[in-house]
Every structure is written in C-alpha cells, then in structure tokens.
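Okay, run-v2.cif is below, mmCIF, C-alpha atoms and all ligand atoms:
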data_my_file
#
loop_
_atom_site.label_atom_id
_atom_site.label_comp_id
_atom_site.auth_asym_id
_atom_site.auth_seq_id
_atom_site.Cartn_x
_atom_site.Cartn_y
_atom_site.Cartn_z
CA MET A 1 104.18 98.64 60.75
CA THR A 2 106.50 96.84 58.32
CA GLU A 3 106.05 93.34 56.99
CA GLY A 4 107.97 90.49 58.61
CA ALA A 5 108.80 89.42 62.13
CA GLU A 6 107.39 92.57 63.71
CA THR A 7 103.89 91.82 62.40
CA THR A 8 103.86 88.26 63.69
CA ARG A 9 105.35 88.68 67.14
CA ALA A 10 103.16 87.78 70.10
CA THR A 11 101.23 90.59 71.75
CA ARG A 12 103.15 91.63 74.84
CA LEU A 13 101.29 92.04 78.13
CA ALA A 14 102.79 93.79 81.15
CA VAL A 15 100.92 92.85 84.32
CA VAL A 16 101.01 95.10 87.39
CA VAL A 17 100.21 93.58 90.78
CA SER A 18 100.35 94.24 94.50
CA GLY A 19 99.52 90.97 96.24
CA ARG A 20 98.24 87.45 95.84
CA GLY A 21 98.22 87.39 92.03
CA SER A 22 95.41 84.94 91.37
CA ASN A 23 94.34 87.03 88.37
CA LEU A 24 97.93 87.04 87.14
CA GLN A 25 97.87 83.23 87.48
CA ALA A 26 94.70 83.08 85.39
CA ILE A 27 96.51 85.08 82.68
CA LEU A 28 99.61 82.88 82.86
CA ASP A 29 97.46 79.74 82.69
CA ALA A 30 95.53 81.09 79.69
CA VAL A 31 98.80 81.88 77.92
CA ALA A 32 100.20 78.43 78.75
CA SER A 33 97.07 76.67 77.45
CA GLY A 34 97.02 78.70 74.25
CA ALA A 35 93.63 80.24 75.06
CA LEU A 36 95.34 83.64 75.22
CA ARG A 37 97.73 84.13 72.32
CA ALA A 38 100.05 86.57 74.05
CA GLU A 39 103.22 86.75 76.04
CA VAL A 40 103.50 88.15 79.56
CA CYS A 41 106.64 90.24 79.05
CA VAL A 42 106.99 91.51 82.63
CA VAL A 43 105.24 91.46 85.99
CA ALA A 44 105.70 94.61 88.05
CA SER A 45 104.83 95.06 91.71
CA ASN A 46 104.93 97.91 94.20
CA GLN A 47 105.21 95.30 96.98
CA PRO A 48 108.57 93.49 97.11
CA ASP A 49 107.05 90.47 98.89
CA ALA A 50 103.93 90.07 96.75
CA PRO A 51 103.16 86.37 96.23
CA ALA A 52 102.30 87.33 92.64
CA LEU A 53 106.04 87.79 91.98
CA ASP A 54 106.65 84.12 92.81
CA ARG A 55 103.95 83.13 90.35
CA ALA A 56 105.74 85.17 87.66
CA ARG A 57 109.13 83.66 88.50
CA ARG A 58 107.70 80.14 88.38
CA ALA A 59 106.40 80.91 84.89
CA GLY A 60 109.78 82.28 83.81
CA VAL A 61 108.47 85.84 83.44
CA PRO A 62 110.78 88.77 84.27
CA THR A 63 109.78 90.71 87.38
CA VAL A 64 110.40 94.24 88.51
CA VAL A 65 109.69 95.92 91.85
CA VAL A 66 109.11 99.62 92.24
CA ASP A 67 108.51 100.10 95.94
CA HIS A 68 106.16 103.02 96.57
CA ARG A 69 107.70 103.50 100.01
CA GLU A 70 111.10 104.07 98.48
CA VAL A 71 110.25 105.93 95.29
CA ARG A 72 108.44 109.11 96.31
CA PRO A 73 106.50 111.28 95.78
CA ARG A 74 103.72 109.64 93.83
CA ALA A 75 104.67 111.29 90.52
CA ALA A 76 108.18 109.83 90.80
CA PHE A 77 106.75 106.39 91.61
CA ASP A 78 104.42 106.59 88.60
CA ALA A 79 107.26 107.67 86.30
CA ALA A 80 109.59 104.93 87.57
CA LEU A 81 106.89 102.30 87.12
CA ALA A 82 106.08 103.54 83.61
CA ASP A 83 109.78 103.50 82.64
CA ALA A 84 110.23 99.99 84.06
CA LEU A 85 107.22 98.72 82.11
CA GLU A 86 108.18 100.48 78.89
CA ALA A 87 111.62 98.85 78.98
CA HIS A 88 109.77 95.60 78.22
CA ARG A 89 107.88 97.11 75.24
CA PRO A 90 104.36 96.08 76.26
CA ASP A 91 101.42 96.37 73.89
CA TYR A 92 99.03 96.41 76.85
CA VAL A 93 99.46 97.12 80.54
CA VAL A 94 97.11 95.10 82.75
CA LEU A 95 96.40 96.18 86.32
CA ALA A 96 95.50 92.91 88.06
CA GLY A 97 95.11 93.54 91.77
CA PHE A 98 97.28 96.65 91.74
CA MET A 99 96.39 98.63 94.84
CA ARG A 100 97.77 102.09 94.01
CA VAL A 101 96.08 104.96 92.22
CA LEU A 102 98.02 106.06 89.13
CA GLY A 103 98.17 109.72 88.16
CA ALA A 104 97.17 111.29 84.87
CA PRO A 105 100.68 111.31 83.33
CA PHE A 106 100.97 107.53 83.74
CA VAL A 107 97.48 106.96 82.41
CA GLU A 108 98.09 109.21 79.42
CA ARG A 109 101.37 107.48 78.63
CA PHE A 110 99.52 104.18 78.18
CA ALA A 111 96.18 105.60 76.99
CA GLY A 112 94.06 103.00 75.23
CA ARG A 113 96.52 100.27 76.25
CA LEU A 114 95.84 100.25 79.99
CA VAL A 115 93.15 98.03 81.52
CA ASN A 116 92.12 97.18 85.08
CA ILE A 117 90.00 94.52 86.73
CA HIS A 118 87.75 95.83 89.46
CA PRO A 119 85.63 93.68 91.78
CA SER A 120 82.22 95.28 91.25
CA LEU A 121 79.73 95.91 88.48
CA LEU A 122 80.98 99.37 87.63
CA PRO A 123 79.82 102.10 87.84
CA ALA A 124 78.56 100.65 91.16
CA PHE A 125 81.08 100.56 94.00
CA PRO A 126 84.28 102.13 92.72
CA GLY A 127 87.17 102.12 95.20
CA LEU A 128 87.88 99.70 98.02
CA ASP A 129 85.94 97.18 100.06
CA THR A 130 83.44 96.51 97.31
CA HIS A 131 82.04 93.21 98.61
CA ARG A 132 81.12 94.54 102.04
CA ARG A 133 79.62 97.66 100.47
CA ALA A 134 77.57 95.58 98.01
CA LEU A 135 76.17 93.51 100.89
CA GLU A 136 75.37 96.62 102.91
CA ALA A 137 73.58 98.13 99.91
CA GLY A 138 71.45 94.98 99.63
CA VAL A 139 72.04 94.49 95.91
CA ALA A 140 70.80 91.27 94.31
CA GLU A 141 73.73 91.09 91.90
CA HIS A 142 77.42 91.81 92.17
CA GLY A 143 80.43 90.99 90.05
CA ALA A 144 83.55 92.29 88.36
CA THR A 145 84.41 94.65 85.51
CA VAL A 146 87.36 95.00 83.16
CA HIS A 147 87.71 98.57 81.96
CA PHE A 148 90.10 100.94 80.27
CA VAL A 149 91.85 103.10 82.84
CA THR A 150 91.44 106.85 82.86
CA ALA A 151 92.56 109.34 85.48
CA GLU A 152 89.18 108.95 87.22
CA LEU A 153 89.35 106.17 89.84
CA ASP A 154 87.63 103.05 88.47
CA GLY A 155 85.85 105.39 86.07
CA GLY A 156 87.21 104.51 82.62
CA PRO A 157 85.03 102.96 79.91
CA SER A 158 84.05 99.37 80.68
CA ILE A 159 84.77 96.51 78.28
CA ALA A 160 83.06 93.57 79.96
CA ARG A 161 81.52 92.41 83.20
CA ALA A 162 80.85 89.13 84.97
CA ARG A 163 77.77 88.99 87.17
CA VAL A 164 77.15 86.80 90.19
CA PRO A 165 74.06 86.50 92.39
CA VAL A 166 74.23 87.70 95.98
CA HIS A 167 72.93 85.04 98.37
CA PRO A 168 71.02 85.81 101.57
CA ASP A 169 73.66 84.15 103.77
CA ASP A 170 76.65 85.81 102.06
CA ASP A 171 79.42 87.46 103.99
CA PRO A 172 82.09 89.56 102.25
CA ASP A 173 84.52 86.61 101.99
CA ARG A 174 81.98 84.24 100.48
CA LEU A 175 80.84 86.87 98.01
CA ALA A 176 84.45 87.78 97.15
CA ALA A 177 85.25 84.13 96.39
CA ARG A 178 82.26 83.85 94.06
CA VAL A 179 83.30 87.04 92.24
CA LEU A 180 86.96 86.02 92.09
CA ALA A 181 86.16 82.74 90.35
CA ARG A 182 84.46 84.77 87.60
CA GLU A 183 87.33 87.30 87.49
CA HIS A 184 89.63 84.46 86.51
CA VAL A 185 87.50 83.86 83.42
CA LEU A 186 86.67 87.49 82.69
CA LEU A 187 90.17 88.92 82.58
CA PRO A 188 91.78 86.38 80.19
CA THR A 189 88.65 86.57 78.01
CA VAL A 190 88.90 90.35 77.65
CA LEU A 191 92.65 90.16 77.05
CA ALA A 192 92.04 87.63 74.28
CA TRP A 193 89.57 90.08 72.69
CA LEU A 194 92.14 92.87 72.91
CA VAL A 195 94.86 90.70 71.41
CA ALA A 196 92.52 89.67 68.59
CA GLY A 197 91.77 93.32 67.82
CA LYS A 198 88.08 92.96 68.68
CA VAL A 199 87.97 95.88 71.13
CA ARG A 200 87.72 99.45 69.87
CA LEU A 201 87.94 102.55 72.03
CA GLU A 202 86.79 105.65 70.19
CA HIS A 203 85.83 108.96 71.80
CA GLY A 204 85.49 107.24 75.17
CA ARG A 205 83.12 104.58 73.79
CA VAL A 206 84.04 100.92 73.66
CA THR A 207 82.80 98.31 71.22
CA VAL A 208 83.62 94.62 71.08
CA ASP A 209 83.18 93.15 67.61
CA SER A 210 80.98 96.20 66.90
CA HIS A 211 78.71 95.47 69.92
CA PRO A 212 78.44 98.34 72.41
CA ALA A 213 80.32 97.54 75.63
CA PRO A 214 80.21 96.52 78.39
CA LEU A 215 79.47 92.95 77.37
CA ASP A 216 78.34 90.41 79.96
CA ILE A 217 80.27 87.18 79.94
C1 LIG B 1 90.84 91.13 92.70
O1 LIG B 1 89.58 91.00 93.31
C2 LIG B 1 90.83 92.29 91.75
O2 LIG B 1 89.61 92.49 91.09
C3 LIG B 1 91.09 93.44 92.67
O3 LIG B 1 92.02 92.96 93.60
C4 LIG B 1 91.90 91.54 93.70
C5 LIG B 1 93.24 90.99 93.37
O4 LIG B 1 93.32 89.61 93.55
N1 LIG B 1 91.52 94.62 91.92
P1 LIG B 1 94.56 88.80 92.99
O5 LIG B 1 95.83 89.51 93.49
O6 LIG B 1 94.50 88.83 91.48
O7 LIG B 1 94.44 87.43 93.55
#
Would you put the structure from the file into structure tokens?
Ligand code: GRF
Amino acid sequence: MTEGAETTRATRLAVVVSGRGSNLQAILDAVASGALRAEVCVVASNQPDAPALDRARRAGVPTVVVDHREVRPRAAFDAALADALEAHRPDYVVLAGFMRVLGAPFVERFAGRLVNIHPSLLPAFPGLDTHRRALEAGVAEHGATVHFVTAELDGGPSIARARVPVHPDDDPDRLAARVLAREHVLLPTVLAWLVAGKVRLEHGRVTVDSHPAPLDI
C-alpha cells in the first residue's frame, strides 16, 4: 500500500442481510457513535422487502438487492452477489442475518475477509432453529458466535462468543431475545477488533491480540 489517502481511508464494511436487520442496526449505531471506526459501504439483501434495507437507507448507506428467486442457479446468485459487493470495494463482508448458504467460490473470493454471526455457541447447533434445539438439548448455556466463513456451514474458525444462561422457564422466543441483545454487542465488538488489526487468521487458527480465539465477551 502507498502512503497518503489510501492508508488513512476508513475500513469499508459490506453487510449482507435477509430480514429484520437488528444486527445491521447495531453496526450502524456503532459507526455513528464512533465506537466502530469504519464505514458501511453497502448493504446487500437477497430479499427485496427486507426491513434491513430501510435501516440502511435511513442511514444513507447504498443498498443492493440480488433476489435469489430471480438469479439462478445458486452459483449465478453467488457470483452476482459477489460482483455487487465488490463494486463497493469492501475490506470486510459481514453476514448479519443472511439466510442463504454461500458456495465455495464466493467464500474463496472473500477468504479471510468474510465473517458471520450465528446464534449459538459454535460448534454447538450449526444451521437453523438454534434456540429451540438448545432448549431441547437441555443445555445450561447458549449464546452467539462470530466466525470467519468457510465453505462448511457455520464451520469456519470462531473469533468470539457471547454466552447467556438458559432459564428453566425459557421458550425459544425468550431465549432468542436474550441472545440477540448480546449479538448486538458481540458483532460491533468483533468488527472493531478486525478494523484495528487485532484479529489474525493463520492456517485456520484465529488469534485476537495474540490470544487464542474464540474469546468470550
Ligand atoms: C440473528 O439471530 C443472527 O445471529 C442470525 O439471524 C438473526 C438475524 O437477526 N444469523 P437480525 O436480522 O440481525 O435482526
């Protein structure tokens, strides 16, 4: 990298969403408050009516929709999404409630720059419906994980986790709300570490400030 403007520009985050966008909002709020020294350069959605897109528009962030029902097959969807993101020159791509599985070519294109938030303490409960499954398994603790994305579903190396207790009278909604509140702290925190250059991914192993990941926040 050369000296000058290029070295001082804000780290650019592309955020990929499918729905409500409360994690996106947590990122936007952290950027607005200065807690996260970055710029959200684009918000992309596979769902044209995702409420997350309104959150982006309200924050003045460019949006792009790549509708998985229109752009098929999956490889074409992945390529179109990757092209749309790359047009905004992101340093990191953040999957924040993105409900599609991305294939290996997409993942490889953004290798080491692609993170996801997942609502469980990975490696427990990859995939969908994590809160109900955690309750059925009778675990005492549940939570959320931010991890680098690999081609294995919810299987990439973890960076950090937020733990919550499971209460005897929990139902999936109550448990989800408790986890979500922590997600909104966890994701901006990990992004701030990434932006500050604290996170290293080497040979599939993650460290944060030289501490072996995942860290608990
Ligand atoms: C979050 O629980 C996230 O961990 C999961 O999907 C949910 C998205 O919520 N991947 P929101 O759209 O950020 O409100």
**Prompt:** From the set A:Val65, A:Val149, A:Leu95, A:Ile217, which residue has the shortest atom-to-atom contact distance to Leu24 (chain A), counting all atoms listed in the file?
**Reply:**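 So, comparing all the options, the nearest one is A:Leu95.
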**Prompt:** Which protein, DNA or RNA residues have an atom within 10 Å of ligand LIG 1 (chain B), counting all atoms listed in the file, as a ChimeraX atom specification?
**Reply:** /A:16-27,50-52,95-100,116-120,127-131,143-146,154,176-177,179-184,187
**Item:** Neighbour residues at most 9 Å from (85.4, 95.3, 79.0) (all atoms listed in the file) as a list in words
**Value:**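 The distance filter leaves exactly Val115, Thr145, Val146, His147, Phe148, Pro157, Ser158, Ile159, Ala160, Arg161, Leu186, Leu187, Val190, Val199, Val206, Thr207, Val208, Ala213, Pro214, Leu215 and Asp216 of chain A.
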**Asked** Smallest atom-to-atom distance to Gly156 (chain A): which of A:Ala76, A:Val94, A:Leu122, A:Ala192, using only C-alpha atoms?
**Response** A:Leu122
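Of the residues listed (A:Ala84, A:Asp170, A:Leu13, A:Val195), A:Asp170 shows the shortest atom-to-atom separation from Glu136 (chain A); distances use only C-alpha atoms.
Note that CA of Ser210 (chain A) and CA of Leu153 (chain A) are 26.4 Å apart.
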**Message:** Using only C-alpha atoms for the distances, tell me which of A:Leu53, A:Ala38, A:Ala134, A:Val31 is nearest to Ala196 (chain A).
**Reply:** A:Ala38
**Asked** Expressed in Å to a single decimal, how great is the separation between CA of Gly103 (chain A) and CA of Ala82 (chain A)?
**Response**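 Separation between CA of Gly103 (chain A) and CA of Ala82 (chain A): 11.0 Å.
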**Asked** Any idea what's packed within 8 Å of Arg113 (chain A), counting all atoms listed in the file, ignoring anything in its chain fewer than 6 positions away? Could you give it as a list in words?
**Response** Asp91, Tyr92, Val93 and Phe148 of chain A
**Request:** Please indicate the distance in Å from CA of Pro73 (chain A) to CA of Gly155 (chain A), rounded to one decimal place.
**Result:**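 Computing it gives 23.6 Å between the two atoms.
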**Request:** Kindly indicate which residue among A:Arg37, A:Arg178, A:Lys198, A:Arg89 lies nearest to Ala10 (chain A), using all atoms listed in the file for the distances.
**Result:**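 Result for the nearest residue to Ala10 (chain A): A:Arg37.
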**Request:** Tell me which of A:Leu114, A:Ala56, A:Ala140, A:Leu175 sits closest to Pro90 (chain A), counting all atoms listed in the file.
**Result:** A:Leu114
**Protein/DNA/RNA residues near (103.0, 86.0, 83.8), cut 6 Å, all atoms listed in the file, as JSON, numbers by chain** = {"A": [28, 40, 56, 61]}
Would you mind exporting the chosen residues as a tab-separated table (two decimals), in the coordinates of the input, restricted to C-alpha atoms?
chain	number	residue	atom	x	y	z
A	28	LEU	CA	99.61	82.88	82.86
A	40	VAL	CA	103.50	88.15	79.56
A	56	ALA	CA	105.74	85.17	87.66
A	61	VAL	CA	108.47	85.84	83.44
